[in-house]
Amino acid sequence: MFRNLCLIFALCLVSFGCSKNVHEQATRYYDDGRSKPIVALVPVFDRSGAKISWSLSEEFTDQLRQRFLKQSQFYINTPEQINAEIETLNETNDPFSRDYAWIGKAFGEEEFVVFAELVEHDIHPKATNKNFLDKLTPSCELSMTMRVRVFDLRGEKPEIVLQELFHQSHLIPKPSDLTEQSSEKWKKMSFSITPLGLAHSQFSKEIAKRIEDYILLSKSR
């Protein structure tokens, strides 16, 4: 499934590198002096095949990153640092395979590394019951699935601390043409308050919270 991983990494480098020039990493320590977990967030792989004009990889990566920064529970490495670490990886480096020993060497400066893969982003007509209630609810359903793996790198070998498939479905009105040339659409406030934008935000929130909980639990041990 990851035969084209090298190409995906290359695309991630482009999208991740084109984000904002100023990146808040949050401080390395809590107010009481304890060190925060040092976390690498690798750009989200988009394997959904969704026909959308903007980069779902860039959008979901940014949403996860901003949620981590807002909670300020981690020390997040900058996109530039992550780019430097992943630029030498190739098709043999599959973070979702059984062979993940390479991760410890590739991300030697961090304590934890997060990999996420968007495997489904499908907008389709909702299933109907052919009754009056069908007319009162939106006409389409958005189905999203993301696969996540989080590794603890503090030991001699990388250890999986979270491995989960996240899925959400949302009823939304049929969106306008999503294939229109608008690569910056997801960055606009007008998109964030649409049913599609709100669904993306809710999905990212659930995933970020689970990742945060598991990393903090592992850090406390």
# chains A, B, ... in the order shown; residues from 1 in each chain; ligands from 1
call {"tool": "select_by_dssp", "arguments": {"residues": "range 63-211 of chain A", "states": "helix (DSSP H, G or I)", "output": "VMD selection string"}}
result
chain A and resid 63 to 71 79 to 86 102 to 106 132 to 135 185 to 187 189 to 192 195 to 211
call {"tool": "write_last_selection", "arguments": {"atoms": "N, CA and C atoms", "output": "short mmCIF file (atom, residue, chain, number, x, y, z; two decimals), in the first residue's frame"}}
result
data_model
loop_
_atom_site.label_atom_id
_atom_site.label_comp_id
_atom_site.auth_asym_id
_atom_site.auth_seq_id
_atom_site.Cartn_x
_atom_site.Cartn_y
_atom_site.Cartn_z
N GLN A 63 -4.51 21.61 11.05
CA GLN A 63 -5.51 21.56 12.12
C GLN A 63 -4.99 20.81 13.34
N LEU A 64 -4.34 19.68 13.11
CA LEU A 64 -3.78 18.93 14.24
C LEU A 64 -2.71 19.74 14.95
N ARG A 65 -1.84 20.34 14.17
CA ARG A 65 -0.74 21.12 14.75
C ARG A 65 -1.28 22.28 15.59
N GLN A 66 -2.25 23.00 15.06
CA GLN A 66 -2.79 24.16 15.77
C GLN A 66 -3.49 23.74 17.06
N ARG A 67 -4.13 22.59 17.06
CA ARG A 67 -4.78 22.11 18.29
C ARG A 67 -3.73 21.74 19.34
N PHE A 68 -2.64 21.12 18.91
CA PHE A 68 -1.57 20.80 19.86
C PHE A 68 -0.97 22.08 20.45
N LEU A 69 -0.75 23.06 19.59
CA LEU A 69 -0.17 24.32 20.07
C LEU A 69 -1.12 25.04 21.02
N LYS A 70 -2.40 24.99 20.72
CA LYS A 70 -3.38 25.66 21.57
C LYS A 70 -3.42 25.05 22.97
N GLN A 71 -3.34 23.72 23.03
CA GLN A 71 -3.37 23.05 24.33
C GLN A 71 -2.05 23.21 25.07
N PRO A 79 7.84 22.72 11.21
CA PRO A 79 7.77 22.02 9.93
C PRO A 79 9.12 21.91 9.24
N GLU A 80 9.96 22.94 9.39
CA GLU A 80 11.29 22.89 8.76
C GLU A 80 12.13 21.76 9.34
N GLN A 81 12.03 21.56 10.65
CA GLN A 81 12.78 20.46 11.28
C GLN A 81 12.26 19.10 10.81
N ILE A 82 10.95 18.98 10.70
CA ILE A 82 10.36 17.72 10.24
C ILE A 82 10.75 17.45 8.79
N ASN A 83 10.71 18.49 7.96
CA ASN A 83 11.10 18.33 6.56
C ASN A 83 12.52 17.78 6.44
N ALA A 84 13.43 18.30 7.27
CA ALA A 84 14.82 17.85 7.23
C ALA A 84 14.93 16.38 7.62
N GLU A 85 14.04 15.92 8.49
CA GLU A 85 14.11 14.54 8.96
C GLU A 85 13.49 13.55 7.96
N ILE A 86 12.49 13.98 7.21
CA ILE A 86 11.81 13.04 6.33
C ILE A 86 12.31 13.09 4.88
N TRP A 102 13.38 1.69 11.73
CA TRP A 102 14.02 2.86 11.12
C TRP A 102 13.56 4.18 11.74
N ILE A 103 12.39 4.17 12.37
CA ILE A 103 11.83 5.41 12.90
C ILE A 103 12.72 5.99 14.00
N GLY A 104 13.32 5.12 14.80
CA GLY A 104 14.17 5.59 15.88
C GLY A 104 15.36 6.39 15.38
N LYS A 105 15.92 5.99 14.23
CA LYS A 105 17.06 6.70 13.67
C LYS A 105 16.62 7.97 12.93
N ALA A 106 15.49 7.87 12.24
CA ALA A 106 15.01 9.02 11.46
C ALA A 106 14.58 10.18 12.34
N PHE A 132 -40.97 11.77 5.54
CA PHE A 132 -40.94 13.22 5.63
C PHE A 132 -39.65 13.75 6.26
N LEU A 133 -39.08 12.98 7.19
CA LEU A 133 -37.87 13.43 7.88
C LEU A 133 -36.69 13.60 6.92
N ASP A 134 -36.70 12.87 5.83
CA ASP A 134 -35.62 12.99 4.85
C ASP A 134 -35.53 14.41 4.30
N LYS A 135 -36.68 15.09 4.25
CA LYS A 135 -36.69 16.44 3.70
C LYS A 135 -36.18 17.48 4.70
N LYS A 185 -8.66 27.68 -0.24
CA LYS A 185 -10.03 27.77 0.27
C LYS A 185 -10.12 27.37 1.74
N TRP A 186 -9.43 26.31 2.13
CA TRP A 186 -9.55 25.81 3.50
C TRP A 186 -9.00 26.77 4.54
N LYS A 187 -8.19 27.74 4.12
CA LYS A 187 -7.58 28.69 5.05
C LYS A 187 -8.50 29.86 5.38
N MET A 189 -11.81 32.00 6.65
CA MET A 189 -12.82 31.94 7.71
C MET A 189 -14.16 31.50 7.16
N SER A 190 -14.47 31.93 5.94
CA SER A 190 -15.75 31.59 5.34
C SER A 190 -15.90 30.08 5.15
N PHE A 191 -14.78 29.36 4.97
CA PHE A 191 -14.85 27.90 4.84
C PHE A 191 -14.98 27.25 6.21
N SER A 192 -14.32 27.79 7.21
CA SER A 192 -14.30 27.15 8.53
C SER A 192 -15.68 27.08 9.17
N PRO A 195 -20.67 23.75 6.83
CA PRO A 195 -20.83 22.39 7.37
C PRO A 195 -19.62 21.50 7.11
N LEU A 196 -19.00 21.62 5.92
CA LEU A 196 -17.82 20.82 5.61
C LEU A 196 -16.65 21.23 6.49
N GLY A 197 -16.43 22.53 6.63
CA GLY A 197 -15.34 23.01 7.46
C GLY A 197 -15.52 22.63 8.92
N LEU A 198 -16.73 22.71 9.43
CA LEU A 198 -17.01 22.34 10.81
C LEU A 198 -16.81 20.85 11.03
N ALA A 199 -17.18 20.04 10.03
CA ALA A 199 -16.98 18.59 10.13
C ALA A 199 -15.50 18.25 10.19
N HIS A 200 -14.70 18.91 9.36
CA HIS A 200 -13.25 18.70 9.39
C HIS A 200 -12.68 19.06 10.75
N SER A 201 -13.13 20.18 11.29
CA SER A 201 -12.64 20.65 12.59
C SER A 201 -12.99 19.67 13.70
N GLN A 202 -14.21 19.16 13.69
CA GLN A 202 -14.63 18.21 14.72
C GLN A 202 -13.83 16.92 14.63
N PHE A 203 -13.56 16.47 13.41
CA PHE A 203 -12.78 15.25 13.19
C PHE A 203 -11.37 15.43 13.73
N SER A 204 -10.74 16.55 13.40
CA SER A 204 -9.38 16.82 13.87
C SER A 204 -9.33 16.93 15.39
N LYS A 205 -10.35 17.53 15.97
CA LYS A 205 -10.40 17.70 17.42
C LYS A 205 -10.40 16.36 18.14
N GLU A 206 -11.20 15.41 17.65
CA GLU A 206 -11.25 14.09 18.28
C GLU A 206 -9.90 13.39 18.19
N ILE A 207 -9.28 13.45 17.01
CA ILE A 207 -8.00 12.77 16.80
C ILE A 207 -6.90 13.41 17.66
N ALA A 208 -6.84 14.73 17.67
CA ALA A 208 -5.81 15.43 18.44
C ALA A 208 -5.94 15.13 19.93
N LYS A 209 -7.17 15.08 20.42
CA LYS A 209 -7.39 14.80 21.85
C LYS A 209 -6.90 13.40 22.21
N ARG A 210 -7.18 12.42 21.35
CA ARG A 210 -6.75 11.05 21.64
C ARG A 210 -5.22 10.95 21.61
N ILE A 211 -4.60 11.56 20.62
CA ILE A 211 -3.14 11.56 20.53
C ILE A 211 -2.53 12.20 21.78
#
call {"tool": "residues_around", "arguments": {"residues": "Ser55 in chain A", "least_positions_apart": "6", "cutoff": "9 Å", "atoms": "only C-alpha atoms", "output": "list in words"}}
result
Ser15, Asp46, Ser183, Glu184 and Trp186 of chain A
call {"tool": "closest_residue", "arguments": {"among": "A:Asn93, A:Glu212, A:His170, A:Ile38", "to": "Val113 in chain A", "atoms": "only C-alpha atoms"}}
result
A:Ile38
call {"tool": "residues_around", "arguments": {"residues": "Tyr214 in chain A", "least_positions_apart": "6", "cutoff": "10 Å", "atoms": "only C-alpha atoms", "output": "list of chain:residue names"}}
result
A:Val150, A:Val161, A:Leu162, A:Ser220
call {"tool": "write_last_selection", "arguments": {"atoms": "C-alpha atoms", "output": "compact mmCIF listing (two decimals), in the first residue's frame"}}
result
# COMPACT_ATOMS: atom_id res chain seq x y z
CA VAL A 150 2.09 7.19 17.56
CA VAL A 161 1.66 3.73 22.10
CA LEU A 162 -1.40 4.44 19.94
CA SER A 220 4.11 10.07 32.84
call {"tool": "closest_residue", "arguments": {"among": "A:His121, A:Arg149, A:Lys188, A:Arg28", "to": "Ser169 in chain A", "atoms": "only C-alpha atoms"}}
result
A:His121
call {"tool": "residues_around", "arguments": {"residues": "range 216-219 of chain A", "least_positions_apart": "3", "cutoff": "9 Å", "atoms": "only C-alpha atoms", "output": "list in words"}}
result
Lys36, Pro37, Gln73, Phe74, Glu111, Asp152, Val161, Ile211, Glu212 and Asp213 of chain A
call {"tool": "atom_distance", "arguments": {"atom1": "CA of Ala40 in chain A", "atom2": "CA of Thr145 in chain A"}}
result
21.6 Å
call {"tool": "residues_around", "arguments": {"residues": "Tyr100 in chain A", "least_positions_apart": "5", "cutoff": "10 Å", "atoms": "only C-alpha atoms", "output": "PDB file with N, CA and C atoms, in the first residue's frame"}}
result
ATOM      1  N   THR A  92      10.745   2.302   1.244  1.00  0.00           N
ATOM      2  CA  THR A  92      10.885   1.203   2.212  1.00  0.00           C
ATOM      3  C   THR A  92      10.506   1.636   3.625  1.00  0.00           C
ATOM      4  N   ASN A  93      10.376   2.921   3.831  1.00  0.00           N
ATOM      5  CA  ASN A  93      10.075   3.453   5.167  1.00  0.00           C
ATOM      6  C   ASN A  93       8.569   3.598   5.349  1.00  0.00           C
ATOM      7  N   ASP A  94       7.931   2.519   5.742  1.00  0.00           N
ATOM      8  CA  ASP A  94       6.481   2.477   5.917  1.00  0.00           C
ATOM      9  C   ASP A  94       6.149   2.517   7.407  1.00  0.00           C
ATOM     10  N   PRO A  95       5.637   3.625   7.919  1.00  0.00           N
ATOM     11  CA  PRO A  95       5.363   3.720   9.357  1.00  0.00           C
ATOM     12  C   PRO A  95       4.206   2.853   9.830  1.00  0.00           C
ATOM     13  N   PHE A 151       4.421   6.730  18.027  1.00  0.00           N
ATOM     14  CA  PHE A 151       5.552   5.955  18.534  1.00  0.00           C
ATOM     15  C   PHE A 151       6.235   6.690  19.676  1.00  0.00           C
ATOM     16  N   LYS A 157      14.213   0.784  21.351  1.00  0.00           N
ATOM     17  CA  LYS A 157      13.476   0.554  20.117  1.00  0.00           C
ATOM     18  C   LYS A 157      12.179   1.355  20.147  1.00  0.00           C
ATOM     19  N   PRO A 158      11.698   1.791  18.969  1.00  0.00           N
ATOM     20  CA  PRO A 158      10.419   2.503  18.932  1.00  0.00           C
ATOM     21  C   PRO A 158       9.294   1.607  19.458  1.00  0.00           C
ATOM     22  N   GLU A 159       8.404   2.200  20.204  1.00  0.00           N
ATOM     23  CA  GLU A 159       7.272   1.457  20.766  1.00  0.00           C
ATOM     24  C   GLU A 159       5.966   2.139  20.364  1.00  0.00           C
ATOM     25  N   ILE A 160       5.022   1.354  19.846  1.00  0.00           N
ATOM     26  CA  ILE A 160       3.716   1.901  19.474  1.00  0.00           C
ATOM     27  C   ILE A 160       2.901   2.157  20.739  1.00  0.00           C
TER      28      ILE A 160
END
call {"tool": "closest_residue", "arguments": {"among": "A:Tyr75, A:Trp54, A:Phe112, A:Phe166", "to": "Ser143 in chain A", "atoms": "only C-alpha atoms"}}
result
A:Phe166
call {"tool": "select_by_dssp", "arguments": {"residues": "range 55-218 of chain A", "states": "strand (DSSP E)", "output": "PyMOL selection string"}}
result
chain A and resi 75-76+112-125+140-152+159-172
call {"tool": "closest_residue", "arguments": {"among": "A:Cys140, A:Val148, A:Leu56, A:Ala101", "to": "Ala116 in chain A", "atoms": "only C-alpha atoms"}}
result
A:Val148
call {"tool": "atom_distance", "arguments": {"atom1": "CA of Ile52 in chain A", "atom2": "CA of Pro175 in chain A"}}
result
11.2 Å
call {"tool": "atom_distance", "arguments": {"atom1": "CA of Lys174 in chain A", "atom2": "CA of Lys51 in chain A"}}
result
14.4 Å
call {"tool": "decode", "arguments": {"residues": "range 143-190 of chain A", "atoms": "N, CA and C atoms", "output": "PDB file, in the first residue's frame"}}
result
ATOM      1  N   SER A 143     -18.225  10.957   4.908  1.00  0.00           N
ATOM      2  CA  SER A 143     -17.590   9.883   5.679  1.00  0.00           C
ATOM      3  C   SER A 143     -16.082  10.101   5.662  1.00  0.00           C
ATOM      4  N   MET A 144     -15.478  10.114   6.849  1.00  0.00           N
ATOM      5  CA  MET A 144     -14.030  10.320   6.963  1.00  0.00           C
ATOM      6  C   MET A 144     -13.426   9.239   7.844  1.00  0.00           C
ATOM      7  N   THR A 145     -12.272   8.737   7.416  1.00  0.00           N
ATOM      8  CA  THR A 145     -11.530   7.756   8.204  1.00  0.00           C
ATOM      9  C   THR A 145     -10.053   8.119   8.170  1.00  0.00           C
ATOM     10  N   MET A 146      -9.426   8.127   9.337  1.00  0.00           N
ATOM     11  CA  MET A 146      -7.995   8.415   9.422  1.00  0.00           C
ATOM     12  C   MET A 146      -7.319   7.364  10.292  1.00  0.00           C
ATOM     13  N   ARG A 147      -6.206   6.865   9.794  1.00  0.00           N
ATOM     14  CA  ARG A 147      -5.407   5.888  10.535  1.00  0.00           C
ATOM     15  C   ARG A 147      -4.254   6.613  11.222  1.00  0.00           C
ATOM     16  N   VAL A 148      -4.034   6.296  12.490  1.00  0.00           N
ATOM     17  CA  VAL A 148      -3.016   6.991  13.284  1.00  0.00           C
ATOM     18  C   VAL A 148      -2.115   5.983  13.976  1.00  0.00           C
ATOM     19  N   ARG A 149      -0.825   6.284  13.961  1.00  0.00           N
ATOM     20  CA  ARG A 149       0.155   5.544  14.757  1.00  0.00           C
ATOM     21  C   ARG A 149       1.053   6.547  15.468  1.00  0.00           C
ATOM     22  N   VAL A 150       1.206   6.347  16.760  1.00  0.00           N
ATOM     23  CA  VAL A 150       2.091   7.192  17.562  1.00  0.00           C
ATOM     24  C   VAL A 150       3.162   6.311  18.183  1.00  0.00           C
ATOM     25  N   PHE A 151       4.421   6.730  18.027  1.00  0.00           N
ATOM     26  CA  PHE A 151       5.552   5.955  18.534  1.00  0.00           C
ATOM     27  C   PHE A 151       6.235   6.690  19.676  1.00  0.00           C
ATOM     28  N   ASP A 152       6.620   5.918  20.689  1.00  0.00           N
ATOM     29  CA  ASP A 152       7.459   6.403  21.785  1.00  0.00           C
ATOM     30  C   ASP A 152       8.901   6.043  21.440  1.00  0.00           C
ATOM     31  N   LEU A 153       9.760   7.041  21.329  1.00  0.00           N
ATOM     32  CA  LEU A 153      11.144   6.836  20.882  1.00  0.00           C
ATOM     33  C   LEU A 153      12.154   6.906  22.019  1.00  0.00           C
ATOM     34  N   ARG A 154      11.703   6.894  23.247  1.00  0.00           N
ATOM     35  CA  ARG A 154      12.622   7.097  24.370  1.00  0.00           C
ATOM     36  C   ARG A 154      13.412   5.847  24.727  1.00  0.00           C
ATOM     37  N   GLY A 155      12.937   4.684  24.327  1.00  0.00           N
ATOM     38  CA  GLY A 155      13.633   3.446  24.636  1.00  0.00           C
ATOM     39  C   GLY A 155      14.638   3.066  23.567  1.00  0.00           C
ATOM     40  N   GLU A 156      15.183   1.874  23.682  1.00  0.00           N
ATOM     41  CA  GLU A 156      16.151   1.398  22.694  1.00  0.00           C
ATOM     42  C   GLU A 156      15.494   1.172  21.341  1.00  0.00           C
ATOM     43  N   LYS A 157      14.213   0.784  21.351  1.00  0.00           N
ATOM     44  CA  LYS A 157      13.476   0.554  20.117  1.00  0.00           C
ATOM     45  C   LYS A 157      12.179   1.355  20.147  1.00  0.00           C
ATOM     46  N   PRO A 158      11.698   1.791  18.969  1.00  0.00           N
ATOM     47  CA  PRO A 158      10.419   2.503  18.932  1.00  0.00           C
ATOM     48  C   PRO A 158       9.294   1.607  19.458  1.00  0.00           C
ATOM     49  N   GLU A 159       8.404   2.200  20.204  1.00  0.00           N
ATOM     50  CA  GLU A 159       7.272   1.457  20.766  1.00  0.00           C
ATOM     51  C   GLU A 159       5.966   2.139  20.364  1.00  0.00           C
ATOM     52  N   ILE A 160       5.022   1.354  19.846  1.00  0.00           N
ATOM     53  CA  ILE A 160       3.716   1.901  19.474  1.00  0.00           C
ATOM     54  C   ILE A 160       2.901   2.157  20.739  1.00  0.00           C
ATOM     55  N   VAL A 161       2.480   3.403  20.930  1.00  0.00           N
ATOM     56  CA  VAL A 161       1.658   3.732  22.102  1.00  0.00           C
ATOM     57  C   VAL A 161       0.215   4.025  21.709  1.00  0.00           C
ATOM     58  N   LEU A 162      -0.029   4.250  20.426  1.00  0.00           N
ATOM     59  CA  LEU A 162      -1.396   4.438  19.936  1.00  0.00           C
ATOM     60  C   LEU A 162      -1.471   3.964  18.502  1.00  0.00           C
ATOM     61  N   GLN A 163      -2.438   3.116  18.229  1.00  0.00           N
ATOM     62  CA  GLN A 163      -2.697   2.635  16.869  1.00  0.00           C
ATOM     63  C   GLN A 163      -4.208   2.520  16.729  1.00  0.00           C
ATOM     64  N   GLU A 164      -4.780   3.391  15.907  1.00  0.00           N
ATOM     65  CA  GLU A 164      -6.241   3.449  15.884  1.00  0.00           C
ATOM     66  C   GLU A 164      -6.753   3.972  14.546  1.00  0.00           C
ATOM     67  N   LEU A 165      -7.934   3.483  14.158  1.00  0.00           N
ATOM     68  CA  LEU A 165      -8.673   4.017  13.021  1.00  0.00           C
ATOM     69  C   LEU A 165      -9.775   4.919  13.558  1.00  0.00           C
ATOM     70  N   PHE A 166      -9.764   6.165  13.155  1.00  0.00           N
ATOM     71  CA  PHE A 166     -10.796   7.109  13.572  1.00  0.00           C
ATOM     72  C   PHE A 166     -11.795   7.279  12.430  1.00  0.00           C
ATOM     73  N   HIS A 167     -13.075   7.240  12.767  1.00  0.00           N
ATOM     74  CA  HIS A 167     -14.100   7.391  11.729  1.00  0.00           C
ATOM     75  C   HIS A 167     -15.199   8.318  12.223  1.00  0.00           C
ATOM     76  N   GLN A 168     -15.632   9.203  11.354  1.00  0.00           N
ATOM     77  CA  GLN A 168     -16.787  10.056  11.628  1.00  0.00           C
ATOM     78  C   GLN A 168     -17.631  10.189  10.368  1.00  0.00           C
ATOM     79  N   SER A 169     -18.938  10.303  10.568  1.00  0.00           N
ATOM     80  CA  SER A 169     -19.870  10.586   9.480  1.00  0.00           C
ATOM     81  C   SER A 169     -20.690  11.809   9.857  1.00  0.00           C
ATOM     82  N   HIS A 170     -20.899  12.692   8.898  1.00  0.00           N
ATOM     83  CA  HIS A 170     -21.654  13.924   9.131  1.00  0.00           C
ATOM     84  C   HIS A 170     -22.648  14.129   7.996  1.00  0.00           C
ATOM     85  N   LEU A 171     -23.872  14.504   8.336  1.00  0.00           N
ATOM     86  CA  LEU A 171     -24.839  14.915   7.327  1.00  0.00           C
ATOM     87  C   LEU A 171     -24.581  16.375   6.992  1.00  0.00           C
ATOM     88  N   ILE A 172     -24.374  16.650   5.718  1.00  0.00           N
ATOM     89  CA  ILE A 172     -24.087  18.016   5.278  1.00  0.00           C
ATOM     90  C   ILE A 172     -24.879  18.314   4.005  1.00  0.00           C
ATOM     91  N   PRO A 173     -25.176  19.583   3.747  1.00  0.00           N
ATOM     92  CA  PRO A 173     -25.783  19.929   2.459  1.00  0.00           C
ATOM     93  C   PRO A 173     -24.801  19.623   1.334  1.00  0.00           C
ATOM     94  N   LYS A 174     -25.323  19.404   0.157  1.00  0.00           N
ATOM     95  CA  LYS A 174     -24.447  19.154  -0.978  1.00  0.00           C
ATOM     96  C   LYS A 174     -23.565  20.374  -1.196  1.00  0.00           C
ATOM     97  N   PRO A 175     -22.238  20.207  -1.088  1.00  0.00           N
ATOM     98  CA  PRO A 175     -21.344  21.370  -1.232  1.00  0.00           C
ATOM     99  C   PRO A 175     -21.248  21.822  -2.679  1.00  0.00           C
ATOM    100  N   SER A 176     -20.805  23.054  -2.854  1.00  0.00           N
ATOM    101  CA  SER A 176     -20.561  23.561  -4.200  1.00  0.00           C
ATOM    102  C   SER A 176     -19.391  22.802  -4.814  1.00  0.00           C
ATOM    103  N   ASP A 177     -19.074  23.107  -6.043  1.00  0.00           N
ATOM    104  CA  ASP A 177     -18.035  22.383  -6.771  1.00  0.00           C
ATOM    105  C   ASP A 177     -16.702  22.452  -6.024  1.00  0.00           C
ATOM    106  N   LEU A 178     -16.284  21.318  -5.464  1.00  0.00           N
ATOM    107  CA  LEU A 178     -15.048  21.278  -4.678  1.00  0.00           C
ATOM    108  C   LEU A 178     -13.806  21.138  -5.546  1.00  0.00           C
ATOM    109  N   THR A 179     -13.995  20.964  -6.854  1.00  0.00           N
ATOM    110  CA  THR A 179     -12.848  20.818  -7.751  1.00  0.00           C
ATOM    111  C   THR A 179     -12.438  22.152  -8.370  1.00  0.00           C
ATOM    112  N   GLU A 180     -13.155  23.221  -8.032  1.00  0.00           N
ATOM    113  CA  GLU A 180     -12.770  24.534  -8.533  1.00  0.00           C
ATOM    114  C   GLU A 180     -11.366  24.879  -8.049  1.00  0.00           C
ATOM    115  N   GLN A 181     -10.625  25.587  -8.870  1.00  0.00           N
ATOM    116  CA  GLN A 181      -9.248  25.931  -8.517  1.00  0.00           C
ATOM    117  C   GLN A 181      -9.231  26.925  -7.354  1.00  0.00           C
ATOM    118  N   SER A 182      -9.062  26.408  -6.159  1.00  0.00           N
ATOM    119  CA  SER A 182      -9.029  27.252  -4.965  1.00  0.00           C
ATOM    120  C   SER A 182      -8.197  26.556  -3.903  1.00  0.00           C
ATOM    121  N   SER A 183      -6.881  26.527  -4.095  1.00  0.00           N
ATOM    122  CA  SER A 183      -5.987  25.794  -3.199  1.00  0.00           C
ATOM    123  C   SER A 183      -5.938  26.405  -1.801  1.00  0.00           C
ATOM    124  N   GLU A 184      -6.364  27.661  -1.664  1.00  0.00           N
ATOM    125  CA  GLU A 184      -6.324  28.343  -0.372  1.00  0.00           C
ATOM    126  C   GLU A 184      -7.685  28.351   0.321  1.00  0.00           C
ATOM    127  N   LYS A 185      -8.661  27.676  -0.244  1.00  0.00           N
ATOM    128  CA  LYS A 185     -10.030  27.771   0.271  1.00  0.00           C
ATOM    129  C   LYS A 185     -10.124  27.375   1.736  1.00  0.00           C
ATOM    130  N   TRP A 186      -9.425  26.313   2.130  1.00  0.00           N
ATOM    131  CA  TRP A 186      -9.551  25.808   3.495  1.00  0.00           C
ATOM    132  C   TRP A 186      -8.999  26.773   4.537  1.00  0.00           C
ATOM    133  N   LYS A 187      -8.186  27.741   4.116  1.00  0.00           N
ATOM    134  CA  LYS A 187      -7.582  28.685   5.054  1.00  0.00           C
ATOM    135  C   LYS A 187      -8.500  29.864   5.381  1.00  0.00           C
ATOM    136  N   LYS A 188      -9.607  29.994   4.655  1.00  0.00           N
ATOM    137  CA  LYS A 188     -10.479  31.151   4.820  1.00  0.00           C
ATOM    138  C   LYS A 188     -11.500  30.926   5.932  1.00  0.00           C
ATOM    139  N   MET A 189     -11.815  32.001   6.651  1.00  0.00           N
ATOM    140  CA  MET A 189     -12.816  31.937   7.711  1.00  0.00           C
ATOM    141  C   MET A 189     -14.165  31.500   7.157  1.00  0.00           C
ATOM    142  N   SER A 190     -14.467  31.933   5.936  1.00  0.00           N
ATOM    143  CA  SER A 190     -15.754  31.585   5.336  1.00  0.00           C
ATOM    144  C   SER A 190     -15.900  30.078   5.150  1.00  0.00           C
TER     145      SER A 190
END
